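The next block is query_14.txt, given as compact mmCIF, C-alpha atoms.
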```txt
# COMPACT_ATOMS: atom_id res chain seq x y z
CA MET A 28 -6.76 -1.09 38.23
CA LYS A 29 -7.23 -3.66 35.49
CA LEU A 30 -6.90 -2.69 31.85
CA THR A 31 -8.09 -5.14 29.21
CA ILE A 32 -6.66 -4.68 25.71
CA LEU A 33 -8.74 -6.22 22.93
CA GLY A 34 -6.58 -6.90 19.92
CA GLY A 35 -3.83 -7.66 22.42
CA GLY A 36 -1.67 -9.31 19.78
CA GLY A 37 -1.65 -6.11 17.74
CA PHE A 38 1.54 -4.40 16.66
CA ARG A 39 0.89 -1.15 18.54
CA VAL A 40 0.04 -2.69 21.92
CA PRO A 41 3.60 -2.05 23.23
CA LEU A 42 2.96 1.69 22.80
CA VAL A 43 0.10 1.47 25.30
CA TYR A 44 2.17 -0.57 27.73
CA GLY A 45 5.05 1.89 27.39
CA ALA A 46 2.69 4.72 28.36
CA LEU A 47 1.59 2.74 31.41
CA LEU A 48 5.22 2.31 32.44
CA ARG A 49 5.63 6.09 32.45
CA ASP A 50 2.67 6.54 34.82
CA THR A 51 4.03 6.85 38.37
CA HIS A 52 0.81 7.88 40.16
CA ASP A 53 -0.32 5.82 43.16
CA VAL A 54 -3.63 5.15 41.41
CA ARG A 55 -2.65 3.49 38.15
CA VAL A 56 -3.11 0.39 36.07
CA ASP A 57 -1.32 -2.52 37.72
CA GLU A 58 -2.86 -5.38 35.72
CA VAL A 59 -3.05 -5.73 31.95
CA ALA A 60 -5.06 -8.48 30.30
CA LEU A 61 -4.34 -9.06 26.61
CA HIS A 62 -6.99 -10.69 24.45
CA ASP A 63 -6.67 -11.80 20.86
CA VAL A 64 -7.95 -14.61 18.67
CA ASP A 65 -4.40 -15.26 17.43
CA ALA A 66 -2.44 -17.06 20.14
CA ALA A 67 0.88 -16.78 18.31
CA ARG A 68 0.63 -13.00 18.07
CA LEU A 69 -0.42 -12.79 21.70
CA ASP A 70 2.71 -14.71 22.66
CA ALA A 71 4.91 -12.39 20.56
CA VAL A 72 3.47 -9.25 22.15
CA ALA A 73 3.78 -10.75 25.62
CA HIS A 74 7.53 -11.20 24.97
CA ILE A 75 7.85 -7.54 23.93
CA LEU A 76 6.00 -6.30 27.01
CA ALA A 77 8.09 -8.50 29.30
CA GLN A 78 11.25 -6.95 27.85
CA LEU A 79 9.83 -3.44 28.14
CA GLY A 80 9.09 -4.01 31.83
CA GLU A 81 12.27 -5.92 32.62
CA GLY A 82 13.91 -4.71 35.83
CA ARG A 83 10.95 -2.51 36.74
CA PRO A 84 9.14 -3.92 39.77
CA GLU A 85 6.32 -1.40 39.34
CA ALA A 86 5.53 -2.65 35.83
CA PRO A 87 1.93 -3.84 35.46
CA THR A 88 1.49 -7.60 35.42
CA VAL A 89 0.52 -9.03 32.04
CA THR A 90 -1.74 -11.97 31.27
CA ALA A 91 -2.66 -13.16 27.78
CA THR A 92 -5.74 -15.16 26.82
CA THR A 93 -7.85 -16.10 23.83
CA SER A 94 -10.94 -16.14 26.10
CA LEU A 95 -12.80 -12.85 25.74
CA ASP A 96 -14.86 -13.36 28.91
CA GLU A 97 -11.77 -14.13 30.96
CA ALA A 98 -10.06 -10.98 29.70
CA LEU A 99 -13.07 -8.74 30.40
CA GLU A 100 -13.97 -10.09 33.85
CA GLY A 101 -13.56 -7.30 36.41
CA ALA A 102 -11.92 -4.80 34.06
CA ASP A 103 -11.88 -1.12 35.03
CA PHE A 104 -10.97 0.01 31.51
CA VAL A 105 -11.25 -1.76 28.17
CA PHE A 106 -9.08 -0.61 25.29
CA SER A 107 -10.45 -1.89 21.98
CA ALA A 108 -8.17 -2.10 18.96
CA ILE A 109 -9.49 -5.10 17.08
CA ARG A 110 -9.20 -5.85 13.37
CA VAL A 111 -12.01 -8.10 12.18
CA GLY A 112 -10.84 -9.94 9.09
CA GLY A 113 -7.20 -9.21 9.85
CA LEU A 114 -4.84 -7.60 7.38
CA ASP A 115 -6.17 -9.89 4.66
CA GLY A 116 -9.49 -8.08 5.10
CA ARG A 117 -7.76 -4.72 4.92
CA THR A 118 -6.05 -5.57 1.65
CA ALA A 119 -9.45 -6.56 0.24
CA ASP A 120 -10.94 -3.27 1.52
CA GLU A 121 -8.35 -1.48 -0.57
CA ARG A 122 -8.15 -3.67 -3.67
CA VAL A 123 -11.86 -4.14 -4.36
CA ALA A 124 -12.30 -0.37 -4.50
CA LEU A 125 -9.11 0.28 -6.48
CA ASP A 126 -10.08 -2.30 -9.09
CA LEU A 127 -13.23 -0.23 -9.68
CA GLY A 128 -11.30 3.03 -9.88
CA MET A 129 -12.40 4.08 -6.39
CA LEU A 130 -10.31 5.13 -3.40
CA GLY A 131 -9.01 2.08 -1.57
CA GLN A 132 -8.24 3.20 1.98
CA GLU A 133 -8.75 1.60 5.38
CA THR A 134 -11.15 4.07 7.00
CA THR A 135 -12.13 6.55 4.31
CA GLY A 136 -14.60 5.82 1.53
CA PRO A 137 -15.84 2.37 0.51
CA GLY A 138 -13.00 0.57 2.29
CA GLY A 139 -14.01 2.16 5.58
CA LEU A 140 -17.62 1.09 5.02
CA ALA A 141 -16.58 -2.50 4.35
CA TYR A 142 -14.41 -2.46 7.47
CA GLY A 143 -17.23 -1.02 9.58
CA LEU A 144 -19.89 -3.43 8.30
CA ARG A 145 -17.98 -6.52 9.37
CA THR A 146 -16.70 -4.98 12.62
CA ILE A 147 -19.96 -3.66 14.10
CA PRO A 148 -21.47 -7.08 14.97
CA VAL A 149 -18.26 -8.06 16.78
CA ALA A 150 -18.07 -4.69 18.56
CA LEU A 151 -21.69 -5.06 19.71
CA ASP A 152 -20.93 -8.52 21.10
CA VAL A 153 -18.00 -7.03 22.99
CA ALA A 154 -20.24 -4.28 24.36
CA GLU A 155 -22.82 -6.80 25.58
CA ARG A 156 -20.12 -8.82 27.33
CA VAL A 157 -18.67 -5.68 28.95
CA ARG A 158 -22.14 -4.82 30.24
CA ARG A 159 -22.40 -8.29 31.79
CA LEU A 160 -18.85 -8.90 33.03
CA ALA A 161 -17.49 -5.40 33.76
CA PRO A 162 -20.53 -3.11 34.10
CA ASP A 163 -18.52 -0.26 35.64
CA ALA A 164 -15.79 -0.32 33.01
CA TRP A 165 -15.09 2.47 30.54
CA VAL A 166 -14.43 1.40 26.95
CA ILE A 167 -11.80 3.40 25.06
CA ASN A 168 -12.32 2.62 21.39
CA PHE A 169 -9.53 2.86 18.84
CA THR A 170 -11.03 0.25 16.51
CA ASN A 171 -11.55 1.79 13.08
CA PRO A 172 -13.59 3.34 11.63
CA ALA A 173 -13.53 4.81 15.14
CA GLY A 174 -16.53 7.17 14.97
CA MET A 175 -18.83 4.55 13.46
CA ILE A 176 -17.77 1.79 15.87
CA THR A 177 -18.01 4.09 18.89
CA GLN A 178 -21.54 5.13 17.90
CA ALA A 179 -22.62 1.51 17.46
CA MET A 180 -21.23 0.49 20.86
CA GLN A 181 -22.91 3.45 22.53
CA GLY A 182 -26.21 1.81 21.63
CA VAL A 183 -25.34 -0.74 24.34
CA LEU A 184 -23.05 1.08 26.78
CA ARG A 185 -24.15 4.68 26.22
CA ASP A 186 -21.58 7.29 27.25
CA ARG A 187 -19.20 4.76 28.81
CA VAL A 188 -17.70 4.29 25.33
CA VAL A 189 -15.28 6.98 24.16
CA GLY A 190 -13.55 7.02 20.77
CA ILE A 191 -9.97 8.25 20.42
CA CYS A 192 -7.66 9.23 17.57
CA ASP A 193 -4.24 10.85 17.53
CA SER A 194 -4.71 12.82 14.28
CA PRO A 195 -6.55 15.92 15.68
CA ILE A 196 -4.20 16.50 18.59
CA GLY A 197 -1.19 16.07 16.32
CA LEU A 198 -2.61 18.66 13.93
CA GLY A 199 -3.21 21.14 16.74
CA ARG A 200 0.28 20.68 18.15
CA ARG A 201 1.92 21.22 14.78
CA ALA A 202 -0.10 24.36 14.10
CA ALA A 203 0.75 25.83 17.51
CA ARG A 204 4.46 25.15 17.15
CA ALA A 205 4.54 26.58 13.65
CA LEU A 206 3.64 29.91 15.27
CA GLY A 207 6.09 29.48 18.13
CA TYR A 208 3.54 28.56 20.82
CA ALA A 209 3.63 25.61 23.16
CA PRO A 210 0.54 23.44 22.53
CA GLU A 211 -0.54 23.81 26.15
CA GLN A 212 -0.79 27.57 25.65
CA THR A 213 -3.42 27.17 22.96
CA ARG A 214 -7.05 26.12 22.60
CA PHE A 215 -7.88 24.14 19.48
CA GLY A 216 -11.10 25.02 17.65
CA TYR A 217 -11.42 21.63 16.00
CA ALA A 218 -14.68 19.93 14.97
CA GLY A 219 -16.02 17.22 12.67
CA LEU A 220 -16.11 13.44 12.59
CA ASN A 221 -13.30 10.95 13.04
CA HIS A 222 -10.87 11.40 10.11
CA LEU A 223 -13.12 14.19 8.82
CA GLY A 224 -12.49 17.35 10.83
CA TRP A 225 -11.04 20.84 10.52
CA LEU A 226 -8.94 23.09 12.74
CA GLN A 227 -10.83 26.38 12.36
CA THR A 228 -9.36 28.43 15.21
CA LEU A 229 -6.21 28.41 17.33
CA VAL A 230 -6.76 30.63 20.36
CA VAL A 231 -3.94 32.06 22.46
CA ASP A 232 -4.81 34.45 25.31
CA GLY A 233 -8.27 34.96 23.88
CA ARG A 234 -7.03 35.75 20.35
CA ASP A 235 -7.38 33.53 17.28
CA VAL A 236 -3.91 33.25 15.75
CA LEU A 237 -4.77 30.72 13.03
CA PRO A 238 -5.22 33.47 10.38
CA THR A 239 -1.57 34.40 10.96
CA LEU A 240 -0.52 30.87 10.10
CA LEU A 241 -2.81 30.68 7.07
CA GLU A 242 -1.28 33.90 5.74
CA SER A 243 2.27 32.50 5.97
CA PRO A 244 3.10 29.97 3.21
CA GLU A 245 6.58 29.53 4.66
CA ARG A 246 5.24 28.50 8.07
CA LEU A 247 2.58 26.28 6.54
CA LEU A 248 5.17 24.43 4.51
CA GLY A 249 6.90 23.65 7.79
CA ILE A 250 4.07 21.35 8.89
CA GLU A 251 2.77 18.17 7.30
CA GLU A 252 -0.70 19.54 6.52
CA GLY A 253 0.81 22.55 4.73
CA ARG A 254 2.85 20.30 2.48
CA LEU A 255 -0.05 17.88 2.04
CA PHE A 256 -2.77 20.36 1.00
CA GLY A 257 -0.64 23.30 -0.15
CA PRO A 258 -0.67 26.80 1.38
CA ASP A 259 -2.93 28.19 -1.35
CA TRP A 260 -5.71 25.67 -0.71
CA LEU A 261 -5.53 26.13 3.06
CA ALA A 262 -5.79 29.89 2.61
CA THR A 263 -8.75 29.37 0.28
CA ILE A 264 -10.79 27.30 2.75
CA GLY A 265 -9.64 29.29 5.80
CA ALA A 266 -8.93 26.22 7.94
CA ILE A 267 -6.50 23.31 8.28
CA PRO A 268 -8.13 19.94 7.59
CA ASN A 269 -7.35 16.63 9.20
CA GLU A 270 -4.82 14.78 7.03
CA TYR A 271 -7.46 12.23 5.98
CA LEU A 272 -9.35 14.96 4.12
CA TYR A 273 -6.63 14.65 1.50
CA TYR A 274 -8.68 11.73 0.20
CA TYR A 275 -11.67 14.06 -0.36
CA TYR A 276 -9.93 17.19 -1.64
CA PHE A 277 -7.42 15.30 -3.82
CA THR A 278 -9.28 12.08 -4.59
CA ARG A 279 -7.99 11.61 -8.12
CA ASP A 280 -4.40 12.26 -7.00
CA ALA A 281 -4.69 9.79 -4.11
CA VAL A 282 -6.20 7.04 -6.25
CA ALA A 283 -3.52 7.51 -8.90
CA ALA A 284 -0.72 7.42 -6.32
CA ILE A 285 -2.05 4.26 -4.64
CA ARG A 286 -2.69 2.49 -7.93
CA GLY A 287 0.77 3.49 -9.12
CA SER A 288 2.45 1.95 -6.09
CA ALA A 289 3.83 -1.57 -6.10
CA GLU A 290 1.55 -2.43 -3.18
CA THR A 291 -1.22 -0.89 -1.11
CA ARG A 292 -0.72 0.12 2.52
CA GLY A 293 -2.54 -3.02 3.64
CA GLU A 294 -0.37 -5.25 1.47
CA PHE A 295 2.77 -3.56 2.83
CA LEU A 296 1.62 -4.12 6.41
CA LEU A 297 0.55 -7.69 5.71
CA ASP A 298 3.98 -8.57 4.36
CA SER A 299 6.00 -6.61 6.92
CA GLN A 300 4.00 -7.72 9.96
CA THR A 301 3.90 -11.35 8.88
CA ALA A 302 7.69 -11.23 8.63
CA PHE A 303 7.94 -9.42 11.98
CA TYR A 304 5.87 -11.95 13.92
CA GLU A 305 7.76 -14.82 12.31
CA LYS A 306 11.06 -13.26 13.41
CA VAL A 307 9.82 -12.82 16.98
CA CYS A 308 8.63 -16.44 17.03
CA ALA A 309 12.10 -17.56 15.88
CA ALA A 310 14.02 -15.22 18.22
CA PRO A 311 11.78 -14.26 21.19
CA ASP A 312 14.74 -12.90 23.19
CA SER A 313 15.11 -10.18 20.51
CA ALA A 314 11.40 -9.31 20.45
CA LEU A 315 11.77 -5.73 21.66
CA ALA A 316 14.61 -4.86 19.28
CA LEU A 317 12.71 -6.39 16.35
CA TRP A 318 9.59 -4.45 17.26
CA THR A 319 11.47 -1.14 17.58
CA ALA A 320 12.96 -1.49 14.11
CA ALA A 321 9.66 -2.56 12.55
CA ARG A 322 7.80 0.28 14.21
CA ARG A 323 10.21 2.84 12.76
CA ASN A 324 9.68 1.49 9.26
CA ARG A 325 5.90 1.47 9.72
CA ASP A 326 5.79 5.07 10.98
CA GLU A 327 8.01 6.42 8.22
CA THR A 328 5.76 5.00 5.49
CA TYR A 329 2.43 6.18 6.96
CA MET A 330 0.29 7.95 4.28
CA ALA A 331 3.23 7.79 1.89
CA GLU A 332 0.85 8.15 -1.08
CA ALA A 333 0.12 11.73 0.02
CA ARG A 334 3.78 12.84 0.11
CA SER A 335 6.22 13.67 -2.61
CA GLU A 336 8.78 11.04 -3.54
CA GLY A 337 11.59 11.10 -1.01
CA GLU A 338 9.70 13.33 1.42
CA ALA A 339 10.09 12.08 5.00
CA ARG A 340 7.60 12.36 7.82
CA ASP A 341 8.13 15.04 10.44
CA GLU A 342 10.48 13.70 13.13
CA THR A 343 8.70 15.56 15.94
CA ASP A 344 5.37 14.14 14.88
CA MET A 345 6.68 10.58 14.90
CA GLY A 346 8.40 11.03 18.27
CA GLU A 347 5.42 12.35 20.20
CA GLY A 348 2.97 10.16 22.06
CA GLY A 349 -0.12 9.50 19.98
CA TYR A 350 -3.29 7.60 20.76
CA GLU A 351 -1.62 5.78 23.67
CA GLY A 352 -1.05 9.13 25.38
CA VAL A 353 -4.70 10.08 24.85
CA ALA A 354 -5.83 6.74 26.27
CA LEU A 355 -3.65 7.15 29.36
CA ALA A 356 -4.89 10.71 29.88
CA ILE A 357 -8.53 9.53 29.75
CA MET A 358 -7.87 6.76 32.25
CA GLY A 359 -6.02 9.12 34.58
CA ALA A 360 -8.72 11.77 34.43
CA ILE A 361 -11.52 9.29 35.17
CA ALA A 362 -9.73 7.15 37.77
CA ARG A 363 -8.03 10.00 39.63
CA GLY A 364 -10.32 12.93 38.93
CA GLU A 365 -7.53 14.74 37.09
CA ARG A 366 -9.26 17.26 34.87
CA ALA A 367 -7.86 17.06 31.34
CA SER A 368 -8.64 18.56 27.95
CA MET A 369 -8.48 16.55 24.72
CA ILE A 370 -10.22 15.95 21.40
CA LEU A 371 -12.47 12.87 21.55
CA ASN A 372 -15.23 11.03 19.74
CA VAL A 373 -18.35 11.53 21.89
CA ARG A 374 -22.11 11.89 21.58
CA ASN A 375 -23.07 15.22 19.99
CA ARG A 376 -25.87 16.23 22.39
CA GLY A 377 -26.69 19.32 20.33
CA GLY A 378 -23.11 20.58 20.23
CA LEU A 379 -22.67 20.67 16.45
CA VAL A 380 -25.74 22.24 14.87
CA GLY A 381 -27.08 20.22 11.95
CA LEU A 382 -26.19 16.78 13.33
CA PRO A 383 -28.36 14.43 15.43
CA ASP A 384 -27.96 14.53 19.21
CA ASP A 385 -26.86 10.88 19.33
CA ALA A 386 -24.37 11.19 16.48
CA VAL A 387 -20.77 10.61 17.55
CA VAL A 388 -18.65 13.63 16.66
CA GLU A 389 -14.99 14.52 17.18
CA VAL A 390 -14.72 17.67 19.30
CA PRO A 391 -12.72 19.15 22.20
CA CYS A 392 -13.79 17.83 25.60
CA THR A 393 -12.90 18.07 29.24
CA VAL A 394 -12.59 14.80 31.14
CA ASP A 395 -12.83 14.21 34.88
CA ALA A 396 -14.08 11.47 37.20
CA SER A 397 -17.53 11.62 35.60
CA GLY A 398 -16.15 11.09 32.10
CA PRO A 399 -15.90 13.29 28.99
CA VAL A 400 -17.94 16.46 28.64
CA PRO A 401 -17.94 18.10 25.18
CA LEU A 402 -17.07 21.78 25.11
CA VAL A 403 -19.10 24.18 22.99
CA PRO A 404 -17.48 23.47 19.61
CA THR A 405 -16.57 25.79 16.79
CA GLN A 406 -19.53 25.33 14.46
CA LEU A 407 -19.20 23.87 10.99
CA THR A 408 -20.65 25.82 8.08
CA GLY A 409 -20.53 25.65 4.29
CA HIS A 410 -18.94 22.65 2.62
CA PRO A 411 -17.52 21.13 5.87
CA LEU A 412 -21.01 20.92 7.36
CA GLY A 413 -22.47 19.44 4.20
CA LEU A 414 -19.74 16.84 3.92
CA VAL A 415 -20.00 15.87 7.59
CA GLN A 416 -23.79 15.54 7.36
CA GLN A 417 -23.54 13.30 4.31
CA VAL A 418 -20.84 11.05 5.78
CA LYS A 419 -22.67 10.80 9.11
CA ALA A 420 -25.86 9.74 7.29
CA VAL A 421 -23.83 7.06 5.50
CA GLU A 422 -22.33 5.86 8.81
CA GLU A 423 -25.78 5.55 10.34
CA LEU A 424 -26.97 3.51 7.35
CA ALA A 425 -23.95 1.23 7.73
CA ILE A 426 -24.71 0.70 11.42
CA GLU A 427 -28.32 -0.15 10.58
CA ALA A 428 -27.24 -2.53 7.82
CA ALA A 429 -24.80 -4.34 10.12
CA ILE A 430 -27.40 -4.70 12.89
CA THR A 431 -30.25 -5.83 10.65
CA GLY A 432 -28.18 -7.81 8.16
CA SER A 433 -29.79 -5.92 5.30
CA PRO A 434 -27.81 -5.87 2.03
CA THR A 435 -30.31 -3.30 0.69
CA ILE A 436 -29.40 -0.80 3.40
CA ALA A 437 -25.71 -1.61 2.94
CA LEU A 438 -26.03 -0.84 -0.77
CA GLU A 439 -27.69 2.48 0.09
CA ALA A 440 -24.76 3.33 2.35
CA PHE A 441 -22.22 2.63 -0.39
CA ALA A 442 -24.24 4.48 -3.04
CA LEU A 443 -24.64 7.64 -0.95
CA HIS A 444 -21.01 7.93 0.11
CA PRO A 445 -19.47 11.05 -1.48
CA LEU A 446 -16.46 9.04 -2.72
CA VAL A 447 -18.62 6.52 -4.63
CA ASP A 448 -19.65 7.82 -8.04
CA SER A 449 -22.74 5.75 -8.93
CA VAL A 450 -25.28 3.22 -7.71
CA THR A 451 -23.87 0.75 -10.23
CA THR A 452 -20.43 1.12 -8.71
CA ALA A 453 -21.93 0.68 -5.23
CA GLU A 454 -23.49 -2.61 -6.32
CA ALA A 455 -20.15 -3.80 -7.67
CA LEU A 456 -18.41 -2.75 -4.45
CA LEU A 457 -20.80 -4.64 -2.19
CA THR A 458 -20.66 -7.72 -4.42
CA GLY A 459 -16.87 -7.60 -4.51
CA TYR A 460 -16.49 -7.17 -0.78
CA ARG A 461 -18.88 -10.02 -0.02
CA ALA A 462 -16.93 -12.29 -2.37
CA ARG A 463 -13.51 -11.36 -0.95
CA ILE A 464 -14.21 -11.02 2.79
CA PRO A 465 -16.03 -13.94 4.47
CA SER A 466 -16.61 -12.05 7.74
CA LEU A 467 -18.41 -9.29 5.80
CA ASP A 468 -20.50 -11.72 3.78
CA GLN A 469 -21.56 -13.42 7.02
CA VAL A 470 -23.16 -10.16 8.21
CA PHE A 471 -25.87 -10.64 5.57
CA ARG A 472 -26.46 -14.34 6.29
```

Just give me the structure as structure tokens.
Amino acid sequence: MKLTILGGGGFRVPLVYGALLRDTHDVRVDEVALHDVDAARLDAVAHILAQLGEGRPEAPTVTATTSLDEALEGADFVFSAIRVGGLDGRTADERVALDLGMLGQETTGPGGLAYGLRTIPVALDVAERVRRLAPDAWVINFTNPAGMITQAMQGVLRDRVVGICDSPIGLGRRAARALGYAPEQTRFGYAGLNHLGWLQTLVVDGRDVLPTLLESPERLLGIEEGRLFGPDWLATIGAIPNEYLYYYYFTRDAVAAIRGSAETRGEFLLDSQTAFYEKVCAAPDSALALWTAARRNRDETYMAEARSEGEARDETDMGEGGYEGVALAIMGAIARGERASMILNVRNRGGLVGLPDDAVVEVPCTVDASGPVPLVPTQLTGHPLGLVQQVKAVEELAIEAAITGSPTIALEAFALHPLVDSVTTAEALLTGYRARIPSLDQVFR
């Protein structure tokens, strides 16, 4: 099978290739095509993959190209992890909002809207090319904001686009282990949107054991979400939120922490990854060792603004397979008919009451040769439902604005986002983003 990776010069591509190396089934990916607009980064990643597969005759062959059509031709699966505007765009996503006193974060709030607006036209072009060059391919989308981009691409490819994220499965695993259960023993009652969901039940042998965890501050403090939100707040809301909900429940704290840092997350990654790729270019024989060290540093500093000074990330969480494991499981289930269960971004189809049927939601699914099938989800009520409805309405406005090139609709999306405090601020955000990010400004031209 042929797997095409869009954003093939990206830092996390070796994680996907490493997962492929661990797949020993007769029916597996044996050809990987990397595509990126940055030839130097493509070359660096190709060196890393070559060293990962060294001495392994079963390792998938790797080709690298800056031609999108060449990469897509004949693909069985397409993994999309593109970053339109690069890390320079991400730093602008963060800084424009922070300068206005708003949350500056890659996928949540105004930064996520700016990222989505400039990415959707590119994602739609990719979808059209997949339809023409690889009509039987499945697209596995990891491009952020994942729910919004997946929904836009489904307008072209329908259900053959599936969005993935490693946050929900990581949350479920941590909650299960906090109670002494193996994750495979449990069923996660998780529902919401990408980066906006809640674990509401944790079922073992037909019994919901999540209340036991919520009643135990000591156990909660043993997992990242317990330390992030605090046992009292989790007990109050009766659920465990996705880590990204920190930016909604503790907005003022998050903004203060980010503004008080020497640099934003995007600025940190821009500096560290620029240095990394330069080192690989200078010493390609050491590419794998350089990548391993840089990856460790990147993982340890993830969401640092939400942790106390000196608090380290959970070692188990960092060591487990994340989105690359989910991607491999999807490909295996579809290609080999191996029934699997996972939390995915898929079309709602009436599953979550109160959301449109064609809205992309993040819910537990089963996957087999026919693709993902959403399970009957744990319903959202109260403030989670209201928040999800509002954010989904904003996402749909952003999709419409990107497709039509309407700055008026884009302004409406910014103004109605729950993390933007006024129409005046929304106007300043849109103006600032258009001035700082050429690829976003081009959407409206």

From the options A:Ala320, A:Ala362, A:Ile109, A:Leu151, which residue's atoms come nearest to Val56 of chain A, counting only C-alpha atoms?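 Checking each of A:Ala320, A:Ala362, A:Ile109, A:Leu151 against Val56 of chain A, counting only C-alpha atoms, the winner is A:Ala362.
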
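Closest to Leu223 of chain A among A:Gly352, A:Pro399, A:Gly136, A:Gly364 is A:Gly136, based on all atoms listed in the file.
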
Top pick for closest residue to Leu237 of chain A, considering A:Ala91, A:Thr118, A:Arg214, A:Ser397 and counting all atoms listed in the file: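 Of all the options, A:Arg214 lies closest to Leu237 of chain A.
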
Counting all atoms listed in the file, the residue of A:Glu133, A:Val189, A:Leu95, A:His444 that sits nearest Glu155 of chain A: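 Checking each of A:Glu133, A:Val189, A:Leu95, A:His444 against Glu155 of chain A, counting all atoms listed in the file, the winner is A:Leu95.
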
Residue nearest Thr177 of chain A - candidates A:Thr239, A:Gln416, A:Thr134, A:Ser107, atoms counted: all atoms listed in the file: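 Closest candidate: A:Ser107.
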
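Checking A:Asp193, A:Glu389, A:Glu351, A:Glu121 one by one against Ile285 of chain A, counting all atoms listed in the file, you find the shortest gap at A:Glu121.
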
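We find atom CA of Leu99 of chain A and atom CA of His222 of chain A to be spaced 28.7 Å apart.
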
Close residues, Phe303 of chain A itself excluded, 8 Å, all atoms listed in the file, min 3 positions apart in chain, as a PyMOL selection string: chain A and resi 299-300+306-307+317-318+321

Need to verify the contact set: Gln78 of chain A, 10 Å, only C-alpha atoms, exclusion of same-chain residues closer than 2 positions in sequence. Can you return it as a ChimeraX atom specification? /A:72-76,80-83,311-316

What's the 12 Å shell around Val236 of chain A, counting only C-alpha atoms, without same-chain residues fewer than 5 positions away, as a list of chain:residue names?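 Result of the neighbour search: A:Ala202, A:Ala203, A:Arg204, A:Ala205, A:Leu206, A:Gly207, A:Tyr208, A:Gln212, A:Thr213, A:Arg214, A:Phe215, A:Gly216, A:Leu226, A:Gln227, A:Thr228, A:Leu229, A:Val230, A:Val231, A:Leu241, A:Glu242, A:Ser243, A:Ala266.
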
Enter the distance from atom CA of Ala124 of chain A to atom CA of Glu252 of chain A, in Å, rounded to one decimal. 25.5 Å

For the point (-4.7, -6.1, 27.4) in the file's frame, write as a PyMOL selection string all residues with an atom no more than 7 Å away, counting all atoms listed in the file. chain A and resi 30-33+35+59-62

Residue neighbourhood Ala437 of chain A, 10 Å, all atoms listed in the file, exclusion window fewer than 3 positions, as a PyMOL selection string: chain A and resi 140-141+144+421+424-429+431-434+440-442+453-454+457+471

Limited to C-alpha atoms, could you put the picked residues into a file as a PDB file, keeping the file's coordinate frame?
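Okay, out-v8.pdb is ready:
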```pdb
ATOM      1  CA  LEU A 140     -17.620   1.090   5.020  1.00  0.00           C
ATOM      2  CA  ALA A 141     -16.580  -2.500   4.350  1.00  0.00           C
ATOM      3  CA  LEU A 144     -19.890  -3.430   8.300  1.00  0.00           C
ATOM      4  CA  VAL A 421     -23.830   7.060   5.500  1.00  0.00           C
ATOM      5  CA  LEU A 424     -26.970   3.510   7.350  1.00  0.00           C
ATOM      6  CA  ALA A 425     -23.950   1.230   7.730  1.00  0.00           C
ATOM      7  CA  ILE A 426     -24.710   0.700  11.420  1.00  0.00           C
ATOM      8  CA  GLU A 427     -28.320  -0.150  10.580  1.00  0.00           C
ATOM      9  CA  ALA A 428     -27.240  -2.530   7.820  1.00  0.00           C
ATOM     10  CA  ALA A 429     -24.800  -4.340  10.120  1.00  0.00           C
ATOM     11  CA  THR A 431     -30.250  -5.830  10.650  1.00  0.00           C
ATOM     12  CA  GLY A 432     -28.180  -7.810   8.160  1.00  0.00           C
ATOM     13  CA  SER A 433     -29.790  -5.920   5.300  1.00  0.00           C
ATOM     14  CA  PRO A 434     -27.810  -5.870   2.030  1.00  0.00           C
ATOM     15  CA  ALA A 440     -24.760   3.330   2.350  1.00  0.00           C
ATOM     16  CA  PHE A 441     -22.220   2.630  -0.390  1.00  0.00           C
ATOM     17  CA  ALA A 442     -24.240   4.480  -3.040  1.00  0.00           C
ATOM     18  CA  ALA A 453     -21.930   0.680  -5.230  1.00  0.00           C
ATOM     19  CA  GLU A 454     -23.490  -2.610  -6.320  1.00  0.00           C
ATOM     20  CA  LEU A 457     -20.800  -4.640  -2.190  1.00  0.00           C
ATOM     21  CA  PHE A 471     -25.870 -10.640   5.570  1.00  0.00           C
TER      22      PHE A 471
END
```
